[in-house]
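Chemist: You'll find run-v9.pdb just under this line, and it carries PDB, C-alpha atoms.
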```
ATOM      1  CA  MET N 452     114.894  67.911  80.694
ATOM      2  CA  ASP N 453     117.261  66.841  83.493
ATOM      3  CA  ASN N 454     116.876  70.265  85.097
ATOM      4  CA  ILE N 455     113.080  70.042  84.926
ATOM      5  CA  VAL N 456     113.090  66.591  86.510
ATOM      6  CA  GLU N 457     115.438  67.840  89.233
ATOM      7  CA  LEU N 458     113.120  70.806  89.950
ATOM      8  CA  HIS N 459     110.134  68.474  90.073
ATOM      9  CA  GLU N 460     111.847  66.160  92.548
ATOM     10  CA  ALA N 461     112.909  69.111  94.739
ATOM     11  CA  LEU N 462     109.293  70.297  94.891
ATOM     12  CA  VAL N 463     107.911  66.841  95.634
ATOM     13  CA  ASN N 464     110.520  66.212  98.329
ATOM     14  CA  ARG N 465     110.078  69.741  99.746
ATOM     15  CA  THR N 466     113.783  70.455  99.364
ATOM     16  CA  TYR N 467     113.420  73.292  96.834
ATOM     17  CA  ARG N 468     115.228  76.497  97.757
ATOM     18  CA  HIS N 469     114.985  79.646  95.693
ATOM     19  CA  GLY N 470     118.302  80.792  94.230
ATOM     20  CA  SER N 471     119.977  84.197  94.184
ATOM     21  CA  TYR N 472     119.274  87.082  91.799
ATOM     22  CA  GLU N 473     121.176  88.828  89.057
ATOM     23  CA  SER N 474     121.028  92.573  89.681
ATOM     24  CA  PHE N 475     121.074  95.353  87.059
ATOM     25  CA  TYR N 476     119.514  98.742  86.267
ATOM     26  CA  ILE N 477     117.269  99.912  83.438
ATOM     27  CA  THR N 478     116.064 103.390  82.472
ATOM     28  CA  ASP N 479     112.533 103.479  81.040
ATOM     29  CA  PRO N 480     112.391 106.472  81.596
ATOM     30  CA  LYS N 481     113.051 106.325  85.364
ATOM     31  CA  ARG N 482     116.047 104.423  86.644
ATOM     32  CA  ARG N 483     114.868 101.113  88.129
ATOM     33  CA  HIS N 484     116.770  98.396  89.968
ATOM     34  CA  ILE N 485     115.865  94.997  88.499
ATOM     35  CA  HIS N 486     116.561  91.636  90.135
ATOM     36  CA  LYS N 487     116.454  88.694  87.722
ATOM     37  CA  ALA N 488     116.024  85.149  89.015
ATOM     38  CA  SER N 489     117.624  82.099  87.411
ATOM     39  CA  MET N 490     115.861  80.212  84.617
ATOM     40  CA  ARG N 491     115.011  77.410  87.068
ATOM     41  CA  ASP N 492     113.326  79.790  89.484
ATOM     42  CA  ARG N 493     111.551  81.728  86.720
ATOM     43  CA  LEU N 494     110.061  78.467  85.469
ATOM     44  CA  LEU N 495     108.599  77.928  88.928
ATOM     45  CA  HIS N 496     107.314  81.520  89.026
ATOM     46  CA  HIS N 497     105.331  80.925  85.844
ATOM     47  CA  ALA N 498     103.888  77.680  87.188
ATOM     48  CA  VAL N 499     102.843  79.333  90.459
ATOM     49  CA  TYR N 500     101.371  82.311  88.625
ATOM     50  CA  ARG N 501      99.425  80.132  86.209
ATOM     51  CA  ILE N 502      97.743  78.283  89.082
ATOM     52  CA  LEU N 503      97.150  81.128  91.540
ATOM     53  CA  TYR N 504      96.225  84.010  89.213
ATOM     54  CA  PRO N 505      92.744  82.725  88.187
ATOM     55  CA  PHE N 506      91.838  82.217  91.851
ATOM     56  CA  PHE N 507      93.021  85.591  93.129
ATOM     57  CA  ASP N 508      91.699  87.486  90.111
ATOM     58  CA  ARG N 509      88.168  86.656  91.266
ATOM     59  CA  THR N 510      88.855  88.391  94.594
ATOM     60  CA  PHE N 511      89.982  91.667  92.967
ATOM     61  CA  ILE N 512      87.601  94.563  92.401
ATOM     62  CA  GLY N 513      86.683  95.492  88.858
ATOM     63  CA  ASP N 514      88.387  98.878  89.117
ATOM     64  CA  SER N 515      91.916  97.593  89.827
ATOM     65  CA  PHE N 516      94.130  97.396  86.766
ATOM     66  CA  SER N 517      97.702  96.422  85.783
ATOM     67  CA  CYS N 518      99.043  92.866  85.446
ATOM     68  CA  ARG N 519      95.556  91.442  84.941
ATOM     69  CA  ASP N 520      94.001  89.845  81.875
ATOM     70  CA  ASN N 521      92.148  92.441  79.801
ATOM     71  CA  LYS N 522      92.973  95.078  82.433
ATOM     72  CA  GLY N 523      95.776  97.057  80.834
ATOM     73  CA  VAL N 524      96.564 100.763  80.850
ATOM     74  CA  HIS N 525      94.087 101.653  78.100
ATOM     75  CA  LYS N 526      91.256  99.918  79.953
ATOM     76  CA  ALA N 527      92.215 101.900  83.057
ATOM     77  CA  LEU N 528      92.187 105.154  81.086
ATOM     78  CA  ASN N 529      88.788 104.396  79.586
ATOM     79  CA  ARG N 530      87.425 103.527  83.025
ATOM     80  CA  PHE N 531      88.720 106.799  84.457
ATOM     81  CA  ARG N 532      87.060 108.754  81.653
ATOM     82  CA  ARG N 533      83.820 106.838  82.129
ATOM     83  CA  LEU N 534      83.753 107.525  85.877
ATOM     84  CA  ALA N 535      84.556 111.210  85.310
ATOM     85  CA  TRP N 536      81.658 111.414  82.840
ATOM     86  CA  ARG N 537      79.337 109.621  85.262
ATOM     87  CA  ALA N 538      80.350 111.643  88.332
ATOM     88  CA  SER N 539      79.944 114.914  86.427
ATOM     89  CA  ARG N 540      76.599 113.826  84.989
ATOM     90  CA  ASN N 541      77.782 114.070  81.416
ATOM     91  CA  HIS N 542      80.207 116.886  82.276
ATOM     92  CA  THR N 543      77.482 119.217  83.487
ATOM     93  CA  ARG N 544      78.848 119.325  87.061
ATOM     94  CA  ASN N 545      82.263 120.157  88.431
ATOM     95  CA  VAL N 546      84.185 117.014  89.465
ATOM     96  CA  TRP N 547      87.256 116.848  91.683
ATOM     97  CA  VAL N 548      89.938 114.182  91.350
ATOM     98  CA  PHE N 549      92.185 113.111  94.216
ATOM     99  CA  LYS N 550      95.290 111.354  92.875
ATOM    100  CA  CYS N 551      97.801 109.461  95.039
ATOM    101  CA  ASP N 552     100.992 107.506  94.472
ATOM    102  CA  ILE N 553     102.365 104.960  96.944
ATOM    103  CA  ARG N 554     105.962 105.730  97.770
ATOM    104  CA  LYS N 555     108.476 103.056  96.634
ATOM    105  CA  PHE N 556     105.780 100.405  96.746
ATOM    106  CA  PHE N 557     107.698  97.281  95.669
ATOM    107  CA  ALA N 558     110.634  98.144  97.902
ATOM    108  CA  ARG N 559     108.356  98.468 100.963
ATOM    109  CA  VAL N 560     106.063  95.437 100.795
ATOM    110  CA  ASP N 561     106.193  93.757 104.200
ATOM    111  CA  HIS N 562     106.762  89.985 103.899
ATOM    112  CA  GLN N 563     104.875  89.096 107.072
ATOM    113  CA  ILE N 564     101.808  91.120 106.103
ATOM    114  CA  LEU N 565     101.815  89.605 102.610
ATOM    115  CA  LEU N 566     102.124  86.074 103.996
ATOM    116  CA  ALA N 567      99.297  86.762 106.470
ATOM    117  CA  ILE N 568      97.068  87.906 103.596
ATOM    118  CA  LEU N 569      97.941  84.802 101.555
ATOM    119  CA  HIS N 570      97.208  82.621 104.591
ATOM    120  CA  THR N 571      93.611  83.912 104.725
ATOM    121  CA  TYR N 572      93.051  82.562 101.195
ATOM    122  CA  ILE N 573      95.275  79.465 101.092
ATOM    123  CA  PRO N 574      94.914  76.779 103.789
ATOM    124  CA  ASP N 575      97.456  74.375 102.270
ATOM    125  CA  THR N 576     100.692  74.563 104.277
ATOM    126  CA  ASP N 577     102.875  73.172 101.462
ATOM    127  CA  ILE N 578     101.737  75.908  99.076
ATOM    128  CA  LEU N 579     102.241  78.570 101.740
ATOM    129  CA  ARG N 580     105.727  77.229 102.449
ATOM    130  CA  LEU N 581     106.593  77.432  98.762
ATOM    131  CA  LEU N 582     105.240  80.992  98.483
ATOM    132  CA  GLN N 583     107.175  81.976 101.586
ATOM    133  CA  ASN N 584     110.308  80.546  99.977
ATOM    134  CA  ILE N 585     109.755  82.752  96.910
ATOM    135  CA  ILE N 586     108.858  85.878  98.879
ATOM    136  CA  GLU N 587     111.737  85.632 101.336
ATOM    137  CA  SER N 588     114.265  84.878  98.581
ATOM    138  CA  TYR N 589     114.576  88.642  98.114
ATOM    139  CA  HIS N 590     115.766  91.081 100.745
ATOM    140  CA  THR N 591     118.246  93.872 101.243
ATOM    141  CA  GLU N 592     120.743  94.152 104.048
ATOM    142  CA  SER N 593     119.261  97.460 105.177
ATOM    143  CA  ASN N 594     115.649  96.174 105.159
ATOM    144  CA  PRO N 595     115.378  92.437 105.889
ATOM    145  CA  GLY N 596     111.881  91.053 105.471
ATOM    146  CA  ILE N 597     110.864  93.938 103.204
ATOM    147  CA  GLY N 598     110.431  94.282  99.453
ATOM    148  CA  LEU N 599     109.539  92.415  96.254
ATOM    149  CA  PRO N 600     111.913  92.135  93.263
ATOM    150  CA  LEU N 601     110.712  93.971  90.157
ATOM    151  CA  GLY N 602     111.938  91.150  87.886
ATOM    152  CA  ASN N 603     109.672  88.392  89.238
ATOM    153  CA  LEU N 604     106.390  87.482  87.542
ATOM    154  CA  THR N 605     105.044  86.477  90.956
ATOM    155  CA  SER N 606     105.746  90.004  92.251
ATOM    156  CA  GLN N 607     103.034  91.323  89.941
ATOM    157  CA  LEU N 608     100.493  88.955  91.455
ATOM    158  CA  PHE N 609     101.665  89.583  95.027
ATOM    159  CA  ALA N 610     101.407  93.345  94.440
ATOM    160  CA  ASN N 611      97.737  93.085  93.483
ATOM    161  CA  VAL N 612      97.047  90.723  96.390
ATOM    162  CA  TYR N 613      98.709  93.176  98.781
ATOM    163  CA  LEU N 614      96.849  96.248  97.504
ATOM    164  CA  ASN N 615      93.564  94.364  97.233
ATOM    165  CA  ARG N 616      93.066  95.298 100.882
ATOM    166  CA  LEU N 617      93.291  98.971  99.960
ATOM    167  CA  ASP N 618      90.864  98.493  97.060
ATOM    168  CA  HIS N 619      88.157  96.875  99.181
ATOM    169  CA  TRP N 620      88.682  99.358 102.016
ATOM    170  CA  ALA N 621      88.329 102.299  99.600
ATOM    171  CA  LYS N 622      85.143 100.846  98.134
ATOM    172  CA  HIS N 623      83.433  99.672 101.323
ATOM    173  CA  ALA N 624      84.848 101.577 104.326
ATOM    174  CA  LEU N 625      85.678 104.857 102.586
ATOM    175  CA  LYS N 626      82.592 104.362 100.378
ATOM    176  CA  SER N 627      84.290 105.738  97.287
ATOM    177  CA  HIS N 628      82.059 104.870  94.339
ATOM    178  CA  TYR N 629      84.484 106.420  91.862
ATOM    179  CA  TYR N 630      87.860 104.787  92.475
ATOM    180  CA  VAL N 631      90.472 103.465  90.025
ATOM    181  CA  ARG N 632      93.851 101.922  90.808
ATOM    182  CA  TYR N 633      96.593 101.087  88.335
ATOM    183  CA  ALA N 634      99.592  99.437  90.069
ATOM    184  CA  ASP N 635     100.582 101.861  92.848
ATOM    185  CA  ASP N 636      98.719 104.885  91.419
ATOM    186  CA  PHE N 637      95.088 105.440  92.345
ATOM    187  CA  VAL N 638      92.449 108.142  92.009
ATOM    188  CA  LEU N 639      89.187 108.992  93.727
ATOM    189  CA  LEU N 640      86.567 111.207  92.075
ATOM    190  CA  SER N 641      83.783 113.219  93.695
ATOM    191  CA  ARG N 642      81.736 116.375  93.214
ATOM    192  CA  ASP N 643      82.511 117.201  96.871
ATOM    193  CA  ARG N 644      86.025 118.647  97.237
ATOM    194  CA  PHE N 645      85.935 118.555 101.031
ATOM    195  CA  GLN N 646      84.981 114.867 101.033
ATOM    196  CA  LEU N 647      88.157 114.069  99.105
ATOM    197  CA  ALA N 648      90.272 116.340 101.313
ATOM    198  CA  GLU N 649      88.951 114.580 104.421
ATOM    199  CA  ALA N 650      89.806 111.204 102.881
ATOM    200  CA  LEU N 651      93.565 111.957 102.780
ATOM    201  CA  PRO N 652      94.395 111.363 106.486
ATOM    202  CA  LYS N 653      92.165 108.269 106.502
ATOM    203  CA  ILE N 654      94.036 106.804 103.533
ATOM    204  CA  GLN N 655      97.393 107.622 105.093
ATOM    205  CA  GLU N 656      96.390 105.983 108.372
ATOM    206  CA  PHE N 657      95.092 102.848 106.652
ATOM    207  CA  LEU N 658      98.220 102.421 104.552
ATOM    208  CA  GLN N 659     100.506 102.926 107.531
ATOM    209  CA  THR N 660      98.670 100.739 110.045
ATOM    210  CA  GLN N 661      97.447  97.954 107.765
ATOM    211  CA  LEU N 662     100.097  97.707 105.038
ATOM    212  CA  LYS N 663     103.092  99.678 106.390
ATOM    213  CA  LEU N 664     103.084 101.877 103.287
ATOM    214  CA  SER N 665     103.003 105.644 102.776
ATOM    215  CA  LEU N 666     101.957 108.097 100.072
ATOM    216  CA  HIS N 667     104.519 110.014  98.077
ATOM    217  CA  PRO N 668     104.183 113.569  99.457
ATOM    218  CA  ASP N 669     105.109 115.177  96.128
ATOM    219  CA  LYS N 670     102.578 113.180  94.117
ATOM    220  CA  ILE N 671      99.346 113.980  95.958
ATOM    221  CA  LEU N 672      97.071 116.036  93.707
ATOM    222  CA  LEU N 673      93.582 117.451  94.180
ATOM    223  CA  LYS N 674      92.285 119.058  90.992
ATOM    224  CA  THR N 675      89.183 119.340  88.873
ATOM    225  CA  VAL N 676      88.847 117.399  85.657
ATOM    226  CA  ALA N 677      88.147 120.696  83.865
ATOM    227  CA  SER N 678      91.603 122.014  84.853
ATOM    228  CA  GLY N 679      93.314 118.836  83.611
ATOM    229  CA  MET N 680      94.275 115.759  85.635
ATOM    230  CA  ASP N 681      97.505 113.922  84.799
ATOM    231  CA  PHE N 682      96.848 110.187  85.120
ATOM    232  CA  LEU N 683      98.734 107.300  83.498
ATOM    233  CA  GLY N 684     100.637 109.461  81.033
ATOM    234  CA  TRP N 685      97.651 111.481  79.800
ATOM    235  CA  VAL N 686      96.233 114.830  80.908
ATOM    236  CA  HIS N 687      92.464 114.436  81.096
ATOM    237  CA  PHE N 688      90.019 117.293  80.564
ATOM    238  CA  SER N 689      86.214 117.293  80.463
ATOM    239  CA  SER N 690      86.031 117.106  76.678
ATOM    240  CA  HIS N 691      89.393 115.694  75.635
ATOM    241  CA  CYS N 692      92.724 114.246  76.776
ATOM    242  CA  LEU N 693      96.284 115.104  75.759
ATOM    243  CA  LEU N 694      99.540 113.230  75.987
ATOM    244  CA  ARG N 695     101.711 114.245  78.947
ATOM    245  CA  THR N 696     104.292 116.872  77.906
ATOM    246  CA  LYS N 697     107.305 114.867  79.137
ATOM    247  CA  THR N 698     106.108 111.773  77.276
ATOM    248  CA  LYS N 699     105.611 113.807  74.097
ATOM    249  CA  GLN N 700     109.075 115.382  74.358
ATOM    250  CA  ARG N 701     110.731 112.012  74.968
ATOM    251  CA  MET N 702     108.889 110.488  72.003
ATOM    252  CA  LEU N 703     109.938 113.293  69.628
ATOM    253  CA  GLN N 704     113.540 113.096  70.855
ATOM    254  CA  ASN N 705     113.593 109.342  70.190
ATOM    255  CA  ILE N 706     112.336 109.987  66.665
ATOM    256  CA  ARG N 707     115.105 112.554  66.099
ATOM    257  CA  ASN N 708     117.632 109.991  67.305
ATOM    258  CA  SER N 709     116.329 107.661  64.583
ATOM    259  CA  ILE N 710     113.786 104.902  65.140
ATOM    260  CA  SER N 711     112.540 102.091  62.942
ATOM    261  CA  GLU N 712     109.272 102.012  61.058
ATOM    262  CA  ALA N 713     107.983  99.579  63.680
ATOM    263  CA  GLY N 714     108.839 102.118  66.394
ATOM    264  CA  LEU N 715     106.936 104.805  64.500
ATOM    265  CA  THR N 716     103.908 102.516  64.229
ATOM    266  CA  SER N 717     104.096 101.901  67.967
ATOM    267  CA  TYR N 718     104.104 105.639  68.707
ATOM    268  CA  LEU N 719     101.198 106.259  66.346
ATOM    269  CA  GLY N 720      99.272 103.513  68.110
ATOM    270  CA  LEU N 721     100.008 105.107  71.482
ATOM    271  CA  ILE N 722      98.828 108.597  70.557
ATOM    272  CA  SER N 723      95.693 107.265  68.847
ATOM    273  CA  HIS N 724      94.111 106.860  72.300
ATOM    274  CA  GLY N 725      93.733 110.609  72.801
ATOM    275  CA  ASN N 726      92.979 113.868  71.020
ATOM    276  CA  THR N 727      96.279 114.094  69.169
ATOM    277  CA  ALA N 728      95.618 115.000  65.524
ATOM    278  CA  GLY N 729      98.185 117.813  65.635
ATOM    279  CA  LEU N 730     100.725 115.638  67.427
ATOM    280  CA  ARG N 731     100.266 112.870  64.865
ATOM    281  CA  GLU N 732     101.139 115.292  62.058
ATOM    282  CA  ARG N 733     104.215 116.479  63.933
ATOM    283  CA  VAL N 734     105.365 112.912  64.589
ATOM    284  CA  MET N 735     105.100 112.094  60.881
ATOM    285  CA  GLU N 736     106.958 115.284  59.935
ATOM    286  CA  GLU N 737     109.769 114.581  62.411
ATOM    287  CA  TYR N 738     110.059 110.980  61.205
ATOM    288  CA  TRP N 739     110.381 111.872  57.551
ATOM    289  CA  LEU N 740     112.751 114.767  58.350
ATOM    290  CA  TRP N 741     115.174 112.770  60.496
ATOM    291  CA  ASN N 742     114.857 109.300  58.953
TER
END
```
For this file, write the structure as structure tokens.
Modeler:
Amino acid sequence: MDNIVELHEALVNRTYRHGSYESFYITDPKRRHIHKASMRDRLLHHAVYRILYPFFDRTFIGDSFSCRDNKGVHKALNRFRRLAWRASRNHTRNVWVFKCDIRKFFARVDHQILLAILHTYIPDTDILRLLQNIIESYHTESNPGIGLPLGNLTSQLFANVYLNRLDHWAKHALKSHYYVRYADDFVLLSRDRFQLAEALPKIQEFLQTQLKLSLHPDKILLKTVASGMDFLGWVHFSSHCLLRTKTKQRMLQNIRNSISEAGLTSYLGLISHGNTAGLRERVMEEYWLWN
């Protein structure tokens, strides 16, 4: 309670300063560098998020997902399938999908651009000063004024606020009626392959000039739905979707290394969102064989 009172007084007196971070790595499955704030600062993050999220959520487009209420990965997958069905007119036309991934997004968020975006929505100088304190609490020696820590709850909100510019630009300036973004992955769908190909330099220019971001050159794909589009861990076809091969292999290896019954239930829940009857049988066989 003393710590809470002290935090309250620091906020009221405008003397609050964000503390340092604890740094560590996790592998899930990619190796990620996590920065964990102190309990005092995390308490403030939750308070800020609780107040600001409902306001900013109303400014987001309906087709942006991740770190939003009722906008998880399965909702994003269902939306992608729905748009593919609609664009193909019930899978009677060939539909192209243009998939992009923003390169090292969290590590390249520009603090000044983010603060300028927040300023357009928030006129209160005290709130802006507090948000600036949180945002500028993280930096690296090689890139001062750049980056958001993966461990902060506020980073999830700031990420959606930052990329909200891209969402509205894609919908209104690029006039993409079939667009879905989940975190830093996004797709555009169209029956016109050349329209999507022409959109690539426009997207690259917008990201570079407006947000100082770039696309990952090895993760730009232009394929038809009929040939299978890998999006959010699933390979989507016109009539069905399959779990990504790497995800399936990692899941089976984890089962061989012994998992609990709760872990098995989790895997069965995951694969239930696609056409995986054969995979479900194999998962059960591997579980009973190795456990």
Chemist: When the PyMOL selection byres ((chain N and resi 494) around 12) is applied to the file above, which residues end up in the set, as a PDB file with C-alpha atoms, in the frame of the given file?
Modeler:
```pdb
ATOM      1  CA  ASN N 454     116.876  70.265  85.097  1.00  0.00           C
ATOM      2  CA  ILE N 455     113.080  70.042  84.926  1.00  0.00           C
ATOM      3  CA  LEU N 458     113.120  70.806  89.950  1.00  0.00           C
ATOM      4  CA  HIS N 459     110.134  68.474  90.073  1.00  0.00           C
ATOM      5  CA  HIS N 469     114.985  79.646  95.693  1.00  0.00           C
ATOM      6  CA  ALA N 488     116.024  85.149  89.015  1.00  0.00           C
ATOM      7  CA  SER N 489     117.624  82.099  87.411  1.00  0.00           C
ATOM      8  CA  MET N 490     115.861  80.212  84.617  1.00  0.00           C
ATOM      9  CA  ARG N 491     115.011  77.410  87.068  1.00  0.00           C
ATOM     10  CA  ASP N 492     113.326  79.790  89.484  1.00  0.00           C
ATOM     11  CA  ARG N 493     111.551  81.728  86.720  1.00  0.00           C
ATOM     12  CA  LEU N 495     108.599  77.928  88.928  1.00  0.00           C
ATOM     13  CA  HIS N 496     107.314  81.520  89.026  1.00  0.00           C
ATOM     14  CA  HIS N 497     105.331  80.925  85.844  1.00  0.00           C
ATOM     15  CA  ALA N 498     103.888  77.680  87.188  1.00  0.00           C
ATOM     16  CA  VAL N 499     102.843  79.333  90.459  1.00  0.00           C
ATOM     17  CA  TYR N 500     101.371  82.311  88.625  1.00  0.00           C
ATOM     18  CA  ARG N 501      99.425  80.132  86.209  1.00  0.00           C
ATOM     19  CA  ASN N 603     109.672  88.392  89.238  1.00  0.00           C
ATOM     20  CA  LEU N 604     106.390  87.482  87.542  1.00  0.00           C
ATOM     21  CA  THR N 605     105.044  86.477  90.956  1.00  0.00           C
TER      22      THR N 605
END
```
Chemist: How far is it from atom CA of N:Pro480 to atom CA of N:Leu703, in Å with one decimal?
Modeler: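 We find that atom CA of N:Pro480 and atom CA of N:Leu703 lie 14.0 Å from each other.
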Chemist: Could you name the residues that touch N:Asn705 at 12 Å or less, counting all atoms listed in the file, but leaving out those on the same chain fewer than 3 positions away, as JSON, numbers by chain?
Modeler: {"N": [480, 698, 699, 700, 701, 702, 708, 709, 710, 711, 714, 715, 718, 734, 737, 738, 741, 742]}
Chemist: Deliver the residues from the most recent selection as a file, using C-alpha atoms, as a compact mmCIF listing (two decimals), in the frame of the given file.
Modeler:
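Written output follows (result_3.txt):
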```
# COMPACT_ATOMS: atom_id res chain seq x y z
CA PRO N 480 112.39 106.47 81.60
CA THR N 698 106.11 111.77 77.28
CA LYS N 699 105.61 113.81 74.10
CA GLN N 700 109.08 115.38 74.36
CA ARG N 701 110.73 112.01 74.97
CA MET N 702 108.89 110.49 72.00
CA ASN N 708 117.63 109.99 67.31
CA SER N 709 116.33 107.66 64.58
CA ILE N 710 113.79 104.90 65.14
CA SER N 711 112.54 102.09 62.94
CA GLY N 714 108.84 102.12 66.39
CA LEU N 715 106.94 104.80 64.50
CA TYR N 718 104.10 105.64 68.71
CA VAL N 734 105.36 112.91 64.59
CA GLU N 737 109.77 114.58 62.41
CA TYR N 738 110.06 110.98 61.20
CA TRP N 741 115.17 112.77 60.50
CA ASN N 742 114.86 109.30 58.95
```
Chemist: Expand the PyMOL selection byres ((chain N and resi 607-622) around 7) into the explicit residue set it covers here, and present it as a list in words.
Modeler: Tyr504, Phe511, Ile512, Cys518, Leu565, Leu604, Thr605, Ser606, His623, Ala624, Leu625, Lys626, Ser627 and His628 of chain N
Chemist: Extract, using all atoms listed in the file, all DNA, RNA and protein residues at most 7 Å from stretch 631-640 of chain N, discarding same-chain residues fewer than 3 positions from it, and format them as number ranges by chain.
Modeler: N: 514-517, 527, 531, 546-553, 556, 627
Chemist: Atom CA of N:Arg695 to atom CA of N:Leu719: how many Å, to one decimal?
Modeler: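 Between atom CA of N:Arg695 and atom CA of N:Leu719 the gap is 14.9 Å.
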Chemist: Between atom CA of N:Pro505 and atom CA of N:Leu599, what is the spacing in Å?
Modeler: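 Pair atom CA of N:Leu599 / atom CA of N:Pro505 returns 21.0 Å.
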Chemist: From the options N:Ser690, N:Ser717, N:Ser641, N:Thr660, which residue's atoms come nearest to N:Ala538, counting all atoms listed in the file?
Modeler: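 Looking at the shortest contact to N:Ala538, the residue is N:Ser641.
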Chemist: Residues picked by the PyMOL selection byres ((chain N and resi 585) around 9) here, as a PyMOL selection string?
Modeler: chain N and resi 468-469+492+496+580-584+586-589+605
Chemist: Ranking N:Leu528, N:Leu601, N:Ala713, N:Ala648 by minimum distance to N:Leu683 and counting all atoms listed in the file, which one comes first?
Modeler: N:Leu528
Chemist: Taking all atoms listed in the file into account, which of N:His724, N:His590, N:Lys481, N:His691 comes nearest N:Val676?
Modeler: N:His691
Chemist: For N:Trp536, which of N:Ile597, N:Ala728, N:Leu462, N:Ala677 is the closest residue, counting all atoms listed in the file?
Modeler: N:Ala677
Chemist: Work out where the centre of an axis-aligned box around every listed atom of stretch 514-527 of chain N lies and how long its edges are once 8 Å is added on each side; give both in Å to one decimal as JSON.
Modeler:
```
{"center_x": 93.7, "center_y": 95.9, "center_z": 84.0, "size_x": 26.7, "size_y": 28.1, "size_z": 27.7}
```
Chemist: Pick out the closest residue to N:Ala650 from this set: N:Leu664, N:Val463, N:Leu673, N:Ile706. Count all atoms listed in the file.
Modeler: N:Leu673
Chemist: Point out the residue among N:Lys555, N:Arg544, N:Lys663, N:Asp577 with the least atom-to-atom distance to N:Asp643, counting all atoms listed in the file.
Modeler: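 The shortest atom-to-atom distance to N:Asp643 comes from N:Arg544.
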Chemist: Excluding N:Ser474 and any residue of its chain fewer than 3 positions from it, enumerate the residues within 9 Å of it, using all atoms listed in the file, and give them as a list in words.
Modeler: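 Returned residues: His484, Ile485, His486, Lys487 and Ala488 of chain N.
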Chemist: Would you save stretch 697-737 of chain N from the block above with C-alpha atoms, as an mmCIF file, in the first residue's frame?
Modeler:
```cif
data_model
loop_
_atom_site.group_PDB
_atom_site.id
_atom_site.type_symbol
_atom_site.label_atom_id
_atom_site.label_comp_id
_atom_site.auth_asym_id
_atom_site.auth_seq_id
_atom_site.Cartn_x
_atom_site.Cartn_y
_atom_site.Cartn_z
ATOM 1 C CA LYS N 697 6.662 -26.262 -39.126
ATOM 2 C CA THR N 698 3.943 -25.771 -36.511
ATOM 3 C CA LYS N 699 2.786 -29.371 -36.956
ATOM 4 C CA GLN N 700 6.335 -30.731 -36.646
ATOM 5 C CA ARG N 701 7.021 -28.666 -33.526
ATOM 6 C CA MET N 702 3.749 -29.820 -31.955
ATOM 7 C CA LEU N 703 4.483 -33.514 -32.608
ATOM 8 C CA GLN N 704 8.033 -33.128 -31.279
ATOM 9 C CA ASN N 705 6.694 -31.552 -28.075
ATOM 10 C CA ILE N 706 4.330 -34.495 -27.661
ATOM 11 C CA ARG N 707 7.228 -36.943 -28.091
ATOM 12 C CA ASN N 708 9.149 -35.025 -25.436
ATOM 13 C CA SER N 709 6.205 -35.636 -23.092
ATOM 14 C CA ILE N 710 3.440 -33.132 -22.404
ATOM 15 C CA SER N 711 0.622 -33.062 -19.886
ATOM 16 C CA GLU N 712 -2.998 -33.885 -20.564
ATOM 17 C CA ALA N 713 -3.725 -30.156 -20.416
ATOM 18 C CA GLY N 714 -1.106 -29.581 -23.129
ATOM 19 C CA LEU N 715 -2.742 -32.242 -25.291
ATOM 20 C CA THR N 716 -6.132 -30.572 -24.840
ATOM 21 C CA SER N 717 -4.588 -27.266 -25.873
ATOM 22 C CA TYR N 718 -3.170 -28.784 -29.068
ATOM 23 C CA LEU N 719 -6.472 -30.455 -29.911
ATOM 24 C CA GLY N 720 -8.198 -27.112 -29.457
ATOM 25 C CA LEU N 721 -5.685 -25.453 -31.778
ATOM 26 C CA ILE N 722 -6.058 -27.933 -34.631
ATOM 27 C CA SER N 723 -9.860 -27.935 -34.354
ATOM 28 C CA HIS N 724 -9.894 -24.627 -36.264
ATOM 29 C CA GLY N 725 -8.903 -26.267 -39.547
ATOM 30 C CA ASN N 726 -9.337 -29.387 -41.656
ATOM 31 C CA THR N 727 -7.209 -31.647 -39.481
ATOM 32 C CA ALA N 728 -9.035 -34.950 -38.934
ATOM 33 C CA GLY N 729 -5.954 -36.954 -39.939
ATOM 34 C CA LEU N 730 -3.662 -34.790 -37.828
ATOM 35 C CA ARG N 731 -5.944 -35.190 -34.815
ATOM 36 C CA GLU N 732 -5.655 -38.980 -35.072
ATOM 37 C CA ARG N 733 -1.878 -38.751 -35.336
ATOM 38 C CA VAL N 734 -1.666 -36.438 -32.323
ATOM 39 C CA MET N 735 -3.686 -38.898 -30.233
ATOM 40 C CA GLU N 736 -1.545 -41.822 -31.411
ATOM 41 C CA GLU N 737 1.698 -39.993 -30.599
#
```
